[in-house]
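K.L.:
Have a look at the structure that comes next, please.
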Amino acid sequence: MSNRYPQPELTDLPEDIRAKVLEVQDKAGFIPNVFLAFARRPAEWRAFFAYHDALMVPESVGRESGLTKGDREMIVTTTSAANNCLYCVVAHGAILRIYEKKPLVADQVAVNYRKADISPRQRAMLDFAMKVCQHSDHIEDADFAALHAHGFSDEDAWDIAAITAFFGLSNRMASFSSMMPNPEFYTMGRVPKQK
């Protein structure tokens, strides 16, 4: 999981955090390392996952969004690659492959989204996300106009920027702590499930 910080034992976690971790384990079949790595500081865990859910699962806070689940994971995978975050590229790339039902897409956007097999709308979204990731101080009205041309609203632009910024924090925490992706993530969504 991490070479620098020991993970807490599941039995030592506060009840609310333990319940959420077990819920994720039941759904995924394993506990993603980020859940235990951040649980070493319960107040920060709660804040992190509350904001995560508000951005990545907006319906959980009663908000609608013009971004799909795949769009959100594509932003995370692409910008995490720019930030050299192994954990987030592998983990969110797996989720991206599943949501988009495209086994190659995560590798493509992580290496070079401009050559990836994605729609012009998604390319415009990632152009904006990458500018926020690398040069947010250069964002101007023309960047919003490019999004508007593909049907994105100003609220969607906020979502793109907020996801990019939030995962910039996540990328840095995962990298500095030497958090490693769970082995399960590497194969998820690459081969269709047997029926």
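Letters A, B, ... go to the chains of the structure tokens in the order shown; residues in each chain start at 1; ligands are counted from 1 in the same order.
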Excluding segment 168-174 of chain A and residues on its chain fewer than 2 positions from it, collect all residues at most 9 Å away from it, counting only C-alpha atoms, and give them as a ChimeraX atom specification.

P.N.:
/A:2,34,37,48,76,79-80,83-88,133,163-166,176-180

K.L.:
Please list as a compact mmCIF listing (two decimals) with N, CA and C atoms, in the first residue's frame every residue within 12 Å of Ile17 of chain A, counting only C-alpha atoms and excluding residues in the same chain fewer than 4 positions away.

P.N.:
```
# COMPACT_ATOMS: atom_id res chain seq x y z
N PRO A 8 -3.77 1.93 9.03
CA PRO A 8 -4.45 1.54 10.27
C PRO A 8 -5.20 0.23 10.08
N GLU A 9 -5.42 -0.45 11.15
CA GLU A 9 -6.22 -1.68 11.12
C GLU A 9 -7.69 -1.30 10.97
N LEU A 10 -8.41 -2.07 10.21
CA LEU A 10 -9.83 -1.82 9.99
C LEU A 10 -10.58 -1.76 11.33
N THR A 11 -10.22 -2.61 12.25
CA THR A 11 -10.90 -2.66 13.55
C THR A 11 -10.62 -1.43 14.41
N ASP A 12 -9.57 -0.68 14.09
CA ASP A 12 -9.23 0.52 14.86
C ASP A 12 -9.87 1.79 14.32
N LEU A 13 -10.57 1.70 13.21
CA LEU A 13 -11.16 2.89 12.59
C LEU A 13 -12.43 3.31 13.31
N VAL A 21 -15.79 1.99 4.53
CA VAL A 21 -14.75 1.15 3.95
C VAL A 21 -15.31 -0.25 3.66
N LEU A 22 -16.08 -0.79 4.57
CA LEU A 22 -16.67 -2.11 4.36
C LEU A 22 -17.70 -2.09 3.23
N GLU A 23 -18.41 -0.99 3.09
CA GLU A 23 -19.36 -0.84 1.98
C GLU A 23 -18.62 -0.87 0.64
N VAL A 24 -17.50 -0.15 0.58
CA VAL A 24 -16.69 -0.14 -0.64
C VAL A 24 -16.13 -1.54 -0.91
N PHE A 35 -8.46 4.33 0.78
CA PHE A 35 -9.39 4.39 1.90
C PHE A 35 -8.70 4.17 3.24
N LEU A 36 -7.75 3.26 3.27
CA LEU A 36 -7.02 3.01 4.51
C LEU A 36 -5.88 3.99 4.71
N PHE A 38 -5.71 7.18 3.93
CA PHE A 38 -6.20 8.45 4.46
C PHE A 38 -6.88 8.30 5.82
N ALA A 39 -7.28 7.08 6.17
CA ALA A 39 -7.98 6.86 7.44
C ALA A 39 -7.08 7.04 8.65
N ARG A 40 -5.78 7.18 8.44
CA ARG A 40 -4.88 7.42 9.57
C ARG A 40 -5.19 8.76 10.24
N ARG A 41 -5.90 9.62 9.53
CA ARG A 41 -6.34 10.92 10.06
C ARG A 41 -7.84 11.04 9.78
N PRO A 42 -8.67 10.59 10.72
CA PRO A 42 -10.11 10.51 10.47
C PRO A 42 -10.77 11.81 10.04
N ALA A 43 -10.42 12.93 10.64
CA ALA A 43 -11.07 14.19 10.25
C ALA A 43 -10.75 14.53 8.79
N GLU A 44 -9.51 14.30 8.38
CA GLU A 44 -9.13 14.57 7.00
C GLU A 44 -9.79 13.57 6.06
N TRP A 45 -9.92 12.31 6.47
CA TRP A 45 -10.60 11.30 5.67
C TRP A 45 -12.03 11.74 5.38
N ARG A 46 -12.72 12.18 6.44
CA ARG A 46 -14.12 12.59 6.27
C ARG A 46 -14.24 13.78 5.31
N ALA A 47 -13.36 14.76 5.47
CA ALA A 47 -13.40 15.94 4.60
C ALA A 47 -13.06 15.56 3.16
N PHE A 48 -12.04 14.74 3.00
CA PHE A 48 -11.61 14.32 1.66
C PHE A 48 -12.73 13.59 0.94
N PHE A 49 -13.31 12.59 1.59
CA PHE A 49 -14.34 11.80 0.90
C PHE A 49 -15.66 12.54 0.76
N ALA A 50 -15.95 13.49 1.63
CA ALA A 50 -17.15 14.32 1.44
C ALA A 50 -17.00 15.16 0.17
```

K.L.:
When you count only C-alpha atoms, which of these residues is closest to Ala146 of chain A: A:Ala162, A:Leu67, A:Ala28, A:Ala124?

P.N.:
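Looking only at the distances to Ala146 of chain A, the closest residue turns out to be A:Ala124.
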
K.L.:
Please provide the set of residues having any atom within 12 Å of segment 183-191 of chain A, restricted to only C-alpha atoms, with same-chain residues fewer than 5 positions apart removed, written as a VMD selection string.

P.N.:
chain A and resid 1 28 to 33 86 to 107

K.L.:
What parts of segment 5-150 of chain A does DSSP call helix (DSSP H, G or I)? I'd like the answer as number ranges by chain.

P.N.:
A: 10-12, 15-28, 33-38, 42-56, 58-61, 69-82, 86-100, 105-115, 120-138, 141-148

K.L.:
What's around segment 139-143 of chain A at 12 Å? Count only C-alpha atoms, leave out sequence neighbours fewer than 2 positions away in its own chain, and write the answer as a list in words.

P.N.:
Ala124, Met125, Leu126, Asp127, Phe128, Ala129, Met130, Lys131, Val132, Cys133, Gln134, His135, Ser136, Asp137, Ala145, Ala146, Leu147, His148, Ala149, His150, Phe152, Ser153, Asp154, Ala157 and Ala161 of chain A

K.L.:
Quick one: pull the distance between atom CA of Asn182 of chain A and atom CA of Glu73 of chain A, Å, one decimal.

P.N.:
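So the answer is 17.3 Å.
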
K.L.:
Taking only C-alpha atoms into account, name the residue in A:Ile118, A:Ala19, A:Ala110, A:Ala54 that is nearest to Gly70 of chain A.

P.N.:
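Among the listed residues, A:Ile118 lies closest to Gly70 of chain A.
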